[in-house]
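Below: my_file_4.txt (compact mmCIF, C-alpha atoms and all ligand atoms)
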```
# COMPACT_ATOMS: atom_id res chain seq x y z
CA MET A 20 -3.51 -83.99 11.43
CA ILE A 21 -4.99 -80.52 11.79
CA THR A 22 -7.71 -80.49 14.42
CA GLU A 23 -11.11 -78.88 14.01
CA ARG A 24 -10.30 -76.04 16.36
CA GLU A 25 -7.10 -75.28 14.41
CA ARG A 26 -9.06 -75.22 11.15
CA VAL A 27 -11.56 -72.75 12.60
CA ARG A 28 -8.82 -70.46 13.88
CA GLU A 29 -6.92 -70.66 10.59
CA THR A 30 -10.05 -69.80 8.62
CA PHE A 31 -10.74 -66.91 10.99
CA GLU A 32 -7.22 -65.53 10.56
CA ASN A 33 -7.37 -65.85 6.78
CA LEU A 34 -10.68 -64.01 6.60
CA PHE A 35 -10.39 -61.47 9.37
CA GLY A 36 -6.67 -61.23 10.26
CA SER A 37 -4.73 -62.59 13.23
CA GLU A 38 -4.40 -59.44 15.36
CA GLY A 39 -6.16 -59.03 18.73
CA GLU A 40 -7.61 -61.73 20.93
CA ILE A 41 -9.35 -64.54 19.07
CA ARG A 42 -11.29 -66.84 21.37
CA LEU A 43 -12.34 -70.40 20.53
CA TYR A 44 -15.46 -72.22 21.72
CA PHE A 45 -17.34 -75.47 21.24
CA ALA A 46 -20.94 -76.55 21.87
CA PRO A 47 -22.16 -80.11 21.25
CA GLY A 48 -25.03 -81.58 19.24
CA ARG A 49 -27.49 -83.89 21.00
CA VAL A 50 -29.24 -87.20 20.63
CA ASN A 51 -32.41 -88.13 22.48
CA MET A 52 -32.43 -91.69 23.83
CA ILE A 53 -36.17 -91.77 24.65
CA GLY A 54 -39.02 -89.32 25.39
CA GLU A 55 -39.94 -88.02 21.95
CA HIS A 56 -42.52 -85.30 21.35
CA THR A 57 -43.06 -85.10 25.09
CA ASP A 58 -41.21 -81.82 25.77
CA TYR A 59 -44.08 -79.58 24.64
CA ASN A 60 -46.54 -81.84 26.48
CA GLY A 61 -45.13 -81.34 29.97
CA GLY A 62 -43.46 -84.77 29.91
CA HIS A 63 -39.97 -86.18 30.46
CA VAL A 64 -37.10 -86.46 28.00
CA PHE A 65 -33.80 -88.32 28.20
CA PRO A 66 -31.26 -86.75 25.82
CA CYS A 67 -27.48 -86.52 25.91
CA ALA A 68 -24.90 -84.17 24.44
CA LEU A 69 -22.47 -85.56 21.87
CA THR A 70 -18.76 -85.02 21.28
CA ILE A 71 -19.59 -83.72 17.80
CA GLY A 72 -20.94 -80.19 17.57
CA THR A 73 -20.11 -76.62 16.57
CA TYR A 74 -16.73 -74.90 16.85
CA ALA A 75 -16.58 -71.11 16.95
CA ALA A 76 -13.80 -68.51 16.68
CA ALA A 77 -14.79 -65.00 17.75
CA ARG A 78 -13.22 -61.58 18.31
CA LYS A 79 -14.78 -58.43 19.65
CA ARG A 80 -14.91 -55.32 17.46
CA THR A 81 -14.91 -51.70 18.52
CA ASP A 82 -17.88 -50.74 16.29
CA ARG A 83 -21.39 -52.27 15.97
CA LYS A 84 -20.62 -54.43 12.95
CA LEU A 85 -21.16 -58.19 12.75
CA ARG A 86 -19.15 -60.26 10.30
CA LEU A 87 -20.37 -63.87 10.22
CA TYR A 88 -18.95 -66.83 8.32
CA SER A 89 -19.73 -70.55 8.38
CA MET A 90 -17.33 -73.15 6.99
CA ASN A 91 -20.42 -75.30 6.37
CA PHE A 92 -21.90 -72.73 4.00
CA GLU A 93 -18.78 -71.46 2.24
CA LYS A 94 -20.66 -70.27 -0.84
CA ARG A 95 -22.52 -67.75 1.27
CA GLY A 96 -19.21 -66.04 2.08
CA VAL A 97 -19.01 -63.47 4.87
CA THR A 98 -22.34 -61.92 5.88
CA GLU A 99 -21.96 -58.38 7.10
CA SER A 100 -24.64 -56.79 9.20
CA SER A 101 -24.87 -54.82 12.41
CA LEU A 102 -26.34 -54.85 15.88
CA ASP A 103 -28.92 -52.38 14.55
CA GLU A 104 -30.29 -54.91 12.04
CA LEU A 105 -31.38 -57.80 14.23
CA THR A 106 -34.45 -59.02 12.39
CA TYR A 107 -35.25 -62.43 10.95
CA GLN A 108 -34.76 -62.68 7.20
CA GLU A 109 -35.36 -65.91 5.39
CA GLU A 110 -32.58 -65.25 2.90
CA ALA A 111 -30.13 -64.73 5.76
CA GLY A 112 -30.02 -68.54 6.24
CA TRP A 113 -27.93 -69.84 9.14
CA THR A 114 -26.99 -66.31 10.30
CA ASN A 115 -30.52 -66.02 11.71
CA TYR A 116 -29.40 -68.29 14.58
CA PRO A 117 -26.55 -66.15 15.96
CA LYS A 118 -28.54 -62.99 15.24
CA GLY A 119 -31.53 -64.48 17.06
CA MET A 120 -29.35 -65.11 20.11
CA ILE A 121 -28.01 -61.55 20.18
CA TRP A 122 -31.61 -60.32 19.89
CA ALA A 123 -32.82 -62.67 22.62
CA PHE A 124 -30.01 -61.58 24.97
CA GLY A 125 -31.22 -58.00 24.44
CA GLU A 126 -34.81 -58.99 25.19
CA LYS A 127 -33.60 -60.51 28.48
CA GLY A 128 -31.89 -57.28 29.49
CA MET A 129 -28.39 -58.17 28.27
CA LYS A 130 -27.81 -55.71 25.45
CA VAL A 131 -24.81 -56.45 23.26
CA GLU A 132 -23.30 -53.03 22.44
CA GLN A 133 -20.19 -54.06 20.54
CA GLY A 134 -20.01 -56.05 17.32
CA PHE A 135 -17.81 -59.08 16.67
CA ASP A 136 -16.37 -61.29 13.95
CA LEU A 137 -17.37 -64.94 14.00
CA VAL A 138 -16.40 -68.13 12.18
CA LEU A 139 -18.30 -71.37 12.77
CA PHE A 140 -17.59 -74.93 11.81
CA GLY A 141 -19.98 -77.77 12.62
CA ASN A 142 -19.12 -81.46 12.34
CA ILE A 143 -22.70 -82.57 12.99
CA PRO A 144 -23.97 -84.23 9.80
CA ASN A 145 -26.17 -81.82 7.84
CA ALA A 146 -29.95 -81.95 8.41
CA SER A 147 -29.45 -85.04 10.57
CA GLY A 148 -31.79 -84.05 13.36
CA LEU A 149 -28.91 -83.93 15.84
CA SER A 150 -29.72 -80.30 16.60
CA SER A 151 -27.14 -78.36 14.66
CA SER A 152 -29.28 -75.22 15.00
CA ALA A 153 -29.56 -75.49 18.80
CA SER A 154 -25.82 -76.13 18.86
CA VAL A 155 -25.22 -72.87 16.97
CA GLU A 156 -27.55 -71.05 19.35
CA ILE A 157 -25.81 -72.34 22.45
CA VAL A 158 -22.27 -71.76 21.16
CA THR A 159 -23.34 -68.20 20.31
CA GLY A 160 -24.92 -67.67 23.73
CA PHE A 161 -21.84 -69.03 25.43
CA LEU A 162 -19.48 -66.75 23.51
CA LEU A 163 -21.68 -63.69 24.09
CA LYS A 164 -21.54 -64.40 27.81
CA ASP A 165 -17.77 -64.86 27.72
CA LEU A 166 -16.88 -61.99 25.36
CA PHE A 167 -19.12 -59.41 27.03
CA GLY A 168 -19.11 -60.64 30.63
CA PHE A 169 -22.83 -61.35 31.09
CA GLU A 170 -23.89 -63.24 34.22
CA VAL A 171 -25.96 -66.08 32.83
CA SER A 172 -26.11 -69.76 33.74
CA ASN A 173 -26.08 -72.59 31.23
CA GLN A 174 -29.69 -73.38 32.08
CA GLU A 175 -30.62 -69.78 31.29
CA LEU A 176 -28.70 -70.07 28.03
CA ALA A 177 -30.92 -73.03 27.14
CA LEU A 178 -34.06 -70.99 27.81
CA ILE A 179 -32.73 -68.02 25.84
CA GLY A 180 -31.89 -70.42 22.98
CA GLN A 181 -35.43 -71.76 22.93
CA TYR A 182 -36.83 -68.23 23.16
CA SER A 183 -34.81 -67.10 20.16
CA GLU A 184 -35.78 -70.19 18.16
CA ASN A 185 -39.49 -69.63 19.00
CA ARG A 186 -39.66 -65.87 18.69
CA PHE A 187 -36.92 -64.97 16.21
CA ASN A 188 -36.81 -68.02 13.95
CA GLY A 189 -40.51 -68.87 14.30
CA VAL A 190 -39.96 -72.56 15.13
CA ASN A 191 -42.24 -73.66 17.92
CA CYS A 192 -39.80 -76.16 19.49
CA GLY A 193 -39.75 -77.36 23.10
CA ILE A 194 -36.84 -77.02 25.52
CA MET A 195 -35.18 -80.39 24.99
CA ASP A 196 -32.51 -79.60 22.39
CA GLN A 197 -31.13 -76.41 23.93
CA PHE A 198 -31.24 -77.92 27.41
CA ALA A 199 -29.43 -81.12 26.38
CA ILE A 200 -26.70 -79.08 24.71
CA ALA A 201 -26.25 -76.37 27.34
CA MET A 202 -26.35 -78.83 30.27
CA GLY A 203 -24.54 -81.83 28.71
CA ARG A 204 -22.23 -84.01 30.77
CA ALA A 205 -19.82 -86.63 29.41
CA ASP A 206 -21.06 -90.23 29.75
CA HIS A 207 -24.42 -89.09 31.16
CA ALA A 208 -27.90 -88.59 29.79
CA ILE A 209 -30.17 -85.93 31.28
CA PHE A 210 -33.49 -87.00 32.75
CA LEU A 211 -35.44 -83.77 32.45
CA ASP A 212 -38.99 -83.04 33.54
CA THR A 213 -40.01 -80.39 31.03
CA ALA A 214 -42.94 -79.26 33.21
CA THR A 215 -40.69 -78.12 36.07
CA LEU A 216 -37.18 -78.15 34.53
CA LYS A 217 -36.06 -80.42 37.34
CA TYR A 218 -33.36 -82.72 36.07
CA GLU A 219 -30.97 -85.48 37.04
CA TYR A 220 -27.88 -86.85 35.35
CA ALA A 221 -28.01 -90.60 34.75
CA PRO A 222 -24.79 -92.45 33.91
CA LEU A 223 -25.08 -94.01 30.46
CA SER A 224 -22.03 -96.20 30.40
CA LEU A 225 -23.03 -99.07 28.18
CA ALA A 226 -20.56 -101.80 29.04
CA GLY A 227 -19.98 -103.84 25.90
CA ALA A 228 -22.29 -101.75 23.68
CA LYS A 229 -22.20 -98.57 21.59
CA ILE A 230 -24.62 -95.84 20.60
CA VAL A 231 -24.96 -95.89 16.82
CA ILE A 232 -26.71 -93.17 14.88
CA ALA A 233 -28.05 -93.91 11.42
CA CYS A 234 -28.75 -90.85 9.32
CA SER A 235 -31.51 -91.36 6.74
CA ASN A 236 -30.26 -88.55 4.48
CA LYS A 237 -33.88 -87.82 3.67
CA LYS A 238 -34.23 -84.16 2.96
CA ARG A 239 -36.62 -82.59 5.41
CA GLY A 240 -39.35 -80.70 3.64
CA LEU A 241 -42.69 -80.46 5.31
CA GLY A 242 -41.09 -81.26 8.65
CA ASP A 243 -41.61 -77.95 10.40
CA SER A 244 -45.25 -77.54 9.45
CA LYS A 245 -46.00 -81.15 10.50
CA TYR A 246 -44.24 -80.46 13.80
CA ASN A 247 -46.52 -77.51 14.49
CA GLU A 248 -49.51 -79.62 13.40
CA ARG A 249 -48.66 -82.31 15.99
CA ARG A 250 -48.36 -79.62 18.65
CA SER A 251 -51.79 -78.26 17.94
CA GLU A 252 -53.34 -81.75 17.79
CA CYS A 253 -51.97 -82.34 21.30
CA GLU A 254 -53.29 -78.97 22.47
CA SER A 255 -56.77 -79.81 21.21
CA ALA A 256 -56.67 -83.22 22.89
CA LEU A 257 -55.55 -81.59 26.15
CA ALA A 258 -58.38 -79.05 25.98
CA ALA A 259 -60.90 -81.89 25.56
CA LEU A 260 -59.42 -83.85 28.48
CA GLN A 261 -59.41 -80.79 30.72
CA LYS A 262 -63.21 -80.78 30.59
CA ALA A 263 -63.14 -84.17 32.36
CA VAL A 264 -60.05 -84.13 34.54
CA LYS A 265 -57.96 -81.45 36.22
CA ILE A 266 -54.56 -81.52 34.48
CA ASP A 267 -52.09 -78.93 33.21
CA SER A 268 -50.53 -81.07 30.50
CA LEU A 269 -50.68 -84.54 28.97
CA GLY A 270 -47.60 -85.37 31.01
CA ASP A 271 -49.77 -85.28 34.16
CA LEU A 272 -51.65 -88.45 33.17
CA THR A 273 -50.78 -92.09 33.85
CA GLU A 274 -51.68 -94.68 31.24
CA GLU A 275 -54.63 -95.85 33.39
CA GLN A 276 -56.02 -92.33 33.71
CA PHE A 277 -55.67 -91.82 29.99
CA GLU A 278 -57.63 -95.01 29.27
CA GLN A 279 -60.27 -93.88 31.74
CA TYR A 280 -60.80 -90.44 30.18
CA LYS A 281 -59.73 -90.85 26.55
CA ASP A 282 -63.26 -91.01 25.15
CA VAL A 283 -63.80 -87.31 25.84
CA ILE A 284 -61.39 -86.71 22.92
CA SER A 285 -63.88 -87.13 20.13
CA ASP A 286 -61.37 -86.84 17.29
CA GLU A 287 -59.74 -90.22 16.67
CA VAL A 288 -56.48 -88.76 15.37
CA GLN A 289 -56.12 -86.40 18.33
CA ARG A 290 -56.80 -89.33 20.66
CA ARG A 291 -53.88 -91.26 19.18
CA ARG A 292 -51.56 -88.25 19.39
CA ALA A 293 -52.43 -87.81 23.06
CA LYS A 294 -52.00 -91.52 23.70
CA HIS A 295 -48.45 -91.32 22.38
CA ALA A 296 -47.64 -88.29 24.54
CA VAL A 297 -48.96 -89.98 27.70
CA TYR A 298 -47.46 -93.44 27.12
CA GLU A 299 -44.14 -92.07 25.85
CA ASN A 300 -43.75 -89.99 28.99
CA GLN A 301 -44.38 -93.06 31.18
CA ARG A 302 -41.98 -95.13 29.05
CA THR A 303 -39.28 -92.52 29.62
CA VAL A 304 -39.73 -92.72 33.39
CA GLN A 305 -39.61 -96.53 33.16
CA ALA A 306 -36.53 -96.44 30.93
CA VAL A 307 -34.56 -94.38 33.43
CA LYS A 308 -35.55 -96.84 36.16
CA ALA A 309 -34.42 -99.74 33.99
CA LEU A 310 -31.06 -98.08 33.51
CA ALA A 311 -30.68 -97.50 37.23
CA ASP A 312 -31.36 -101.24 37.70
CA ASN A 313 -28.65 -101.96 35.13
CA ASP A 314 -31.26 -103.54 32.90
CA VAL A 315 -30.16 -102.32 29.48
CA GLU A 316 -32.28 -104.94 27.71
CA ARG A 317 -35.41 -103.45 29.26
CA PHE A 318 -34.24 -99.99 28.31
CA GLY A 319 -33.84 -101.24 24.72
CA GLY A 320 -37.31 -102.78 24.74
CA LEU A 321 -38.76 -99.41 25.74
CA MET A 322 -36.84 -97.71 22.91
CA ASN A 323 -38.43 -100.18 20.47
CA ALA A 324 -41.90 -99.52 21.90
CA SER A 325 -41.25 -95.79 21.55
CA HIS A 326 -40.62 -96.24 17.84
CA VAL A 327 -43.80 -98.25 17.33
CA SER A 328 -45.81 -95.53 19.03
CA LEU A 329 -44.14 -92.78 16.98
CA ARG A 330 -44.84 -94.81 13.84
CA ASP A 331 -48.44 -95.86 14.49
CA ASP A 332 -49.97 -93.33 16.86
CA TYR A 333 -47.94 -90.17 16.36
CA GLU A 334 -47.15 -90.81 12.69
CA VAL A 335 -43.87 -88.96 12.44
CA THR A 336 -41.60 -91.70 11.07
CA GLY A 337 -42.01 -92.41 7.35
CA ILE A 338 -40.57 -95.21 5.24
CA GLU A 339 -36.94 -94.11 5.64
CA LEU A 340 -36.84 -94.13 9.45
CA ASP A 341 -39.05 -97.24 9.61
CA THR A 342 -36.71 -99.12 7.28
CA LEU A 343 -33.65 -98.18 9.35
CA VAL A 344 -35.31 -99.29 12.57
CA GLU A 345 -37.03 -102.42 11.30
CA GLU A 346 -33.79 -103.62 9.67
CA ALA A 347 -31.92 -102.89 12.90
CA TRP A 348 -34.39 -105.01 14.91
CA LYS A 349 -33.50 -108.02 12.73
CA ILE A 350 -29.87 -108.00 13.84
CA ASP A 351 -28.58 -110.04 16.77
CA GLY A 352 -26.86 -107.76 19.21
CA VAL A 353 -29.20 -104.79 18.71
CA ILE A 354 -30.51 -103.95 22.19
CA GLY A 355 -32.88 -101.21 21.05
CA SER A 356 -33.51 -98.97 18.05
CA ARG A 357 -35.82 -96.04 17.38
CA MET A 358 -36.16 -92.79 15.48
CA THR A 359 -34.83 -89.79 17.41
CA GLY A 360 -35.60 -86.06 17.24
CA ALA A 361 -38.57 -84.53 15.46
CA GLY A 362 -38.89 -87.31 12.85
CA PHE A 363 -40.06 -87.05 9.20
CA GLY A 364 -36.43 -87.70 8.22
CA GLY A 365 -33.31 -87.18 10.28
CA CYS A 366 -31.89 -90.17 12.07
CA THR A 367 -32.33 -93.20 14.30
CA VAL A 368 -30.49 -94.10 17.50
CA SER A 369 -29.61 -97.69 18.36
CA ILE A 370 -27.81 -99.44 21.19
CA VAL A 371 -25.68 -102.12 19.59
CA LYS A 372 -23.38 -104.68 21.21
CA ASP A 373 -19.72 -104.06 20.34
CA GLU A 374 -19.37 -107.26 18.35
CA ALA A 375 -22.46 -106.48 16.25
CA VAL A 376 -21.60 -102.91 15.21
CA ASP A 377 -19.90 -103.84 11.91
CA ALA A 378 -22.71 -106.20 10.91
CA PHE A 379 -25.26 -103.54 11.89
CA ILE A 380 -23.70 -100.92 9.64
CA ALA A 381 -23.23 -103.37 6.73
CA GLN A 382 -26.66 -104.99 6.86
CA VAL A 383 -28.84 -102.02 7.73
CA GLY A 384 -26.89 -99.95 5.20
CA ALA A 385 -27.38 -102.45 2.37
CA ALA A 386 -31.06 -103.06 3.08
CA TYR A 387 -31.71 -99.31 3.32
CA GLU A 388 -30.02 -98.49 0.04
CA LYS A 389 -31.83 -101.32 -1.71
CA LYS A 390 -35.26 -100.20 -0.52
CA ILE A 391 -34.86 -96.41 -0.48
CA GLY A 392 -32.50 -95.91 -3.42
CA TYR A 393 -29.79 -93.90 -1.68
CA ALA A 394 -27.37 -94.56 1.16
CA ALA A 395 -27.68 -93.90 4.89
CA ASP A 396 -24.70 -92.75 6.97
CA PHE A 397 -23.67 -94.31 10.27
CA TYR A 398 -21.90 -92.76 13.26
CA VAL A 399 -20.72 -94.46 16.40
CA VAL A 400 -21.02 -91.59 18.89
CA GLU A 401 -19.76 -90.68 22.35
CA ILE A 402 -21.56 -88.66 25.01
CA GLY A 403 -19.80 -85.38 25.69
CA ASP A 404 -19.92 -82.24 27.82
CA GLY A 405 -21.84 -78.98 27.36
CA PRO A 406 -20.35 -75.76 25.91
CA VAL A 407 -16.73 -74.81 26.61
CA ARG A 408 -14.21 -72.15 25.84
CA LEU A 409 -11.24 -73.90 24.21
CA ALA A 410 -8.76 -71.04 23.98
C1 LIG B 501 -37.39 -81.32 17.95
C2 LIG B 501 -37.69 -80.16 18.91
C3 LIG B 501 -37.68 -80.65 20.35
C4 LIG B 501 -38.57 -81.88 20.54
C5 LIG B 501 -38.27 -82.94 19.48
C6 LIG B 501 -39.22 -84.10 19.51
O1 LIG B 501 -36.07 -81.76 18.15
O2 LIG B 501 -36.75 -79.12 18.73
O3 LIG B 501 -38.08 -79.60 21.21
O4 LIG B 501 -39.92 -81.53 20.52
O5 LIG B 501 -38.30 -82.39 18.17
O6 LIG B 501 -39.08 -84.82 20.69
```

Starting from the coordinates I provided, produce the structure as structure tokens.
Amino acid sequence: MITERERVRETFENLFGSEGEIRLYFAPGRVNMIGEHTDYNGGHVFPCALTIGTYAAARKRTDRKLRLYSMNFEKRGVTESSLDELTYQEEAGWTNYPKGMIWAFGEKGMKVEQGFDLVLFGNIPNASGLSSSASVEIVTGFLLKDLFGFEVSNQELALIGQYSENRFNGVNCGIMDQFAIAMGRADHAIFLDTATLKYEYAPLSLAGAKIVIACSNKKRGLGDSKYNERRSECESALAALQKAVKIDSLGDLTEEQFEQYKDVISDEVQRRRAKHAVYENQRTVQAVKALADNDVERFGGLMNASHVSLRDDYEVTGIELDTLVEEAWKIDGVIGSRMTGAGFGGCTVSIVKDEAVDAFIAQVGAAYEKKIGYAADFYVVEIGDGPVRLA
């Protein structure tokens, strides 16, 4: 069977010729186990990199041209532009991600002066919420560093990725996705404090259980504007709290402190948003402790509580994600299940005992299709490493 990296190289050679040095790279996608909508609130997150992600083939040019092609968007064909045209254009679609990275490198004092040809292929399911865009950013950053010899650490690549997503693509995301991808380590999740960027790797070897992702296949529509709305609701709640207590972010509060001060947030909706941010951060800290104590059941219970909070207080789930999770909870052998990522569509993550995986996929799949009217997709995933050069 032809491997993904061979397919990318073959496509590159067919489009752009086989002469010169063609280098191959890979960067993963990510799934967040717990700690949702905490990364822009100074809280903790607990994501891991996956073994699925984005493959890239690239070759330096001698002029300033960029020729970009994605095997996931074949109809678009090759997009030609140049290093002198690095501005966001809506109609430029996915190419805004690599262009944003080249621009962001320049902003950070690493000017790319030579163009290149690039072919990408991603095996992350489309619009799944497993961070295909951050994966494209990090694979691009990694190849820029390697092709042009920039001195930049993987952690810096994560920050540059977030910068380009915020400033070039206009999406106000936190640091979680780019960090999880750039810093991934096989069989480990990353316990990251987004206030300080201090992090620890925690082994996530689930003896006798698997991580199963269920993709709702709901098309994301209003997602991005709702994301920004949640951010500003949290900012307003924080501003209200800061009149009563000296904190820098919602992540600074314990549950008890929140209960003590919450009445200074006069808006009921903002109060619930802040409650989620505070409690979810504490749950994430507890979940990592549970894992260190080898108490996977407790970890799963915290995942379930995370979903309830995202459903009722943060209101970012919707009928599709709720159906996937609530059906999962009915199955014996499901240790924990919750929505993961931004929400409003995308996917759920569940820890499922080995012997229950088939029943999980069959039963959750059937119940979902019956209620929602179209099918979900299921993936049993493995935790992989960060970006690499393959050849
Ligand atoms: C998206 C963002 C992340 C994070 C999650 C929610 O994936 O890109 O920064 O905020 O949503 O936890």

Given 8 Å and all atoms listed in the file, residues near ligand LIG 501 (chain B) as a PyMOL selection string: chain A and resi 51+54-59+64+148-150+191-196+246+359-362

May I ask for the distance between CA of Thr70 (chain A) and CA of Gly39 (chain A), given in Å to one decimal place?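 Separation between CA of Thr70 (chain A) and CA of Gly39 (chain A): 29.0 Å.
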
Go ahead and compute the interatomic distance for CA of Asp243 (chain A) and CA of Ala214 (chain A), in Å to one decimal. 22.9 Å

Pick out the residues sitting within 12 Å of Ala309 (chain A), and hand them over as a PDB file with C-alpha atoms, keeping the file's coordinate frame; count only C-alpha atoms, and ignore anything fewer than 3 positions along from it in its own chain.
```
ATOM      1  CA  ALA A 221     -28.010 -90.600  34.750  1.00  0.00           C
ATOM      2  CA  LEU A 223     -25.080 -94.010  30.460  1.00  0.00           C
ATOM      3  CA  ARG A 302     -41.980 -95.130  29.050  1.00  0.00           C
ATOM      4  CA  THR A 303     -39.280 -92.520  29.620  1.00  0.00           C
ATOM      5  CA  VAL A 304     -39.730 -92.720  33.390  1.00  0.00           C
ATOM      6  CA  GLN A 305     -39.610 -96.530  33.160  1.00  0.00           C
ATOM      7  CA  ALA A 306     -36.530 -96.440  30.930  1.00  0.00           C
ATOM      8  CA  ASP A 312     -31.360-101.240  37.700  1.00  0.00           C
ATOM      9  CA  ASN A 313     -28.650-101.960  35.130  1.00  0.00           C
ATOM     10  CA  ASP A 314     -31.260-103.540  32.900  1.00  0.00           C
ATOM     11  CA  VAL A 315     -30.160-102.320  29.480  1.00  0.00           C
ATOM     12  CA  GLU A 316     -32.280-104.940  27.710  1.00  0.00           C
ATOM     13  CA  ARG A 317     -35.410-103.450  29.260  1.00  0.00           C
ATOM     14  CA  PHE A 318     -34.240 -99.990  28.310  1.00  0.00           C
ATOM     15  CA  GLY A 319     -33.840-101.240  24.720  1.00  0.00           C
ATOM     16  CA  GLY A 320     -37.310-102.780  24.740  1.00  0.00           C
ATOM     17  CA  LEU A 321     -38.760 -99.410  25.740  1.00  0.00           C
ATOM     18  CA  MET A 322     -36.840 -97.710  22.910  1.00  0.00           C
TER      19      MET A 322
END
```

Please identify all polymer residues within 12 Å of region 92-109 of chain A, counting only C-alpha atoms, omitting same-chain residues fewer than 2 positions from it, and present them as an NGL selection string. :A and (30-31 or 34-35 or 80 or 82-90 or 111-126 or 130-141 or 145 or 183-190)

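Each of A:Gln301, A:Ser37, A:Ser172, A:Asn142 was checked against Arg24 (chain A) using only C-alpha atoms; the smallest atom-to-atom distance is that of A:Asn142.
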
Using only C-alpha atoms, tabulate the residues of region 85-182 of chain A lying at most 8 Å from any atom of region 394-410 of chain A, each with its closest atom pair and that distance in Å to one decimal, by chain and increasing residue number, as a tab-separated table.
```
residue	atom	partner	partner_atom	distance
A:Ile157	CA	A:Pro406	CA	7.3
A:Val158	CA	A:Pro406	CA	6.5
A:Phe161	CA	A:Pro406	CA	6.9
A:Leu162	CA	A:Arg408	CA	7.9
```

CA of Thr367 (chain A) and CA of Leu176 (chain A), how far apart in Å?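 That distance, rounded to one decimal, is 27.1 Å.
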
Counting only C-alpha atoms, which of A:Glu339, A:Glu299, A:Glu219, A:Asp377 gets nearest to Lys390 (chain A)?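 Counting only C-alpha atoms, the residue closest to Lys390 (chain A) is A:Glu339.
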
Take region 84-88 of chain A, bring it up to all heavy atoms, and give me the output as an mmCIF file, in the frame of the given file.
```cif
data_model
loop_
_atom_site.group_PDB
_atom_site.id
_atom_site.type_symbol
_atom_site.label_atom_id
_atom_site.label_comp_id
_atom_site.auth_asym_id
_atom_site.auth_seq_id
_atom_site.Cartn_x
_atom_site.Cartn_y
_atom_site.Cartn_z
ATOM 1 N N LYS A 84 -20.522 -53.502 14.080
ATOM 2 C CA LYS A 84 -20.620 -54.430 12.950
ATOM 3 C C LYS A 84 -20.580 -55.886 13.386
ATOM 4 O O LYS A 84 -19.913 -56.252 14.362
ATOM 5 C CB LYS A 84 -19.418 -54.202 12.039
ATOM 6 C CG LYS A 84 -19.775 -53.776 10.635
ATOM 7 C CD LYS A 84 -18.563 -53.861 9.745
ATOM 8 C CE LYS A 84 -18.483 -52.611 8.871
ATOM 9 N NZ LYS A 84 -17.237 -52.564 8.146
ATOM 10 N N LEU A 85 -21.264 -56.737 12.577
ATOM 11 C CA LEU A 85 -21.160 -58.190 12.750
ATOM 12 C C LEU A 85 -20.652 -58.756 11.437
ATOM 13 O O LEU A 85 -21.202 -58.445 10.374
ATOM 14 C CB LEU A 85 -22.539 -58.791 13.018
ATOM 15 C CG LEU A 85 -23.254 -58.393 14.294
ATOM 16 C CD1 LEU A 85 -24.717 -58.850 14.232
ATOM 17 C CD2 LEU A 85 -22.561 -59.014 15.507
ATOM 18 N N ARG A 86 -19.589 -59.560 11.517
ATOM 19 C CA ARG A 86 -19.150 -60.260 10.300
ATOM 20 C C ARG A 86 -19.219 -61.756 10.623
ATOM 21 O O ARG A 86 -18.533 -62.238 11.520
ATOM 22 C CB ARG A 86 -17.738 -59.855 9.906
ATOM 23 C CG ARG A 86 -17.685 -58.407 9.408
ATOM 24 C CD ARG A 86 -16.387 -58.094 8.710
ATOM 25 N NE ARG A 86 -15.240 -58.171 9.614
ATOM 26 C CZ ARG A 86 -13.981 -57.941 9.247
ATOM 27 N NH1 ARG A 86 -13.696 -57.631 7.986
ATOM 28 N NH2 ARG A 86 -12.995 -58.022 10.125
ATOM 29 N N LEU A 87 -20.067 -62.477 9.884
ATOM 30 C CA LEU A 87 -20.370 -63.870 10.220
ATOM 31 C C LEU A 87 -20.023 -64.777 9.050
ATOM 32 O O LEU A 87 -20.375 -64.488 7.902
ATOM 33 C CB LEU A 87 -21.871 -64.008 10.542
ATOM 34 C CG LEU A 87 -22.460 -63.007 11.541
ATOM 35 C CD1 LEU A 87 -23.984 -63.142 11.606
ATOM 36 C CD2 LEU A 87 -21.854 -63.189 12.927
ATOM 37 N N TYR A 88 -19.340 -65.886 9.364
ATOM 38 C CA TYR A 88 -18.950 -66.830 8.320
ATOM 39 C C TYR A 88 -19.082 -68.249 8.833
ATOM 40 O O TYR A 88 -18.662 -68.548 9.950
ATOM 41 C CB TYR A 88 -17.497 -66.562 7.887
ATOM 42 C CG TYR A 88 -17.015 -67.484 6.787
ATOM 43 C CD1 TYR A 88 -17.322 -67.215 5.457
ATOM 44 C CD2 TYR A 88 -16.263 -68.619 7.088
ATOM 45 C CE1 TYR A 88 -16.891 -68.065 4.435
ATOM 46 C CE2 TYR A 88 -15.829 -69.469 6.080
ATOM 47 C CZ TYR A 88 -16.143 -69.194 4.761
ATOM 48 O OH TYR A 88 -15.715 -70.030 3.756
#
```
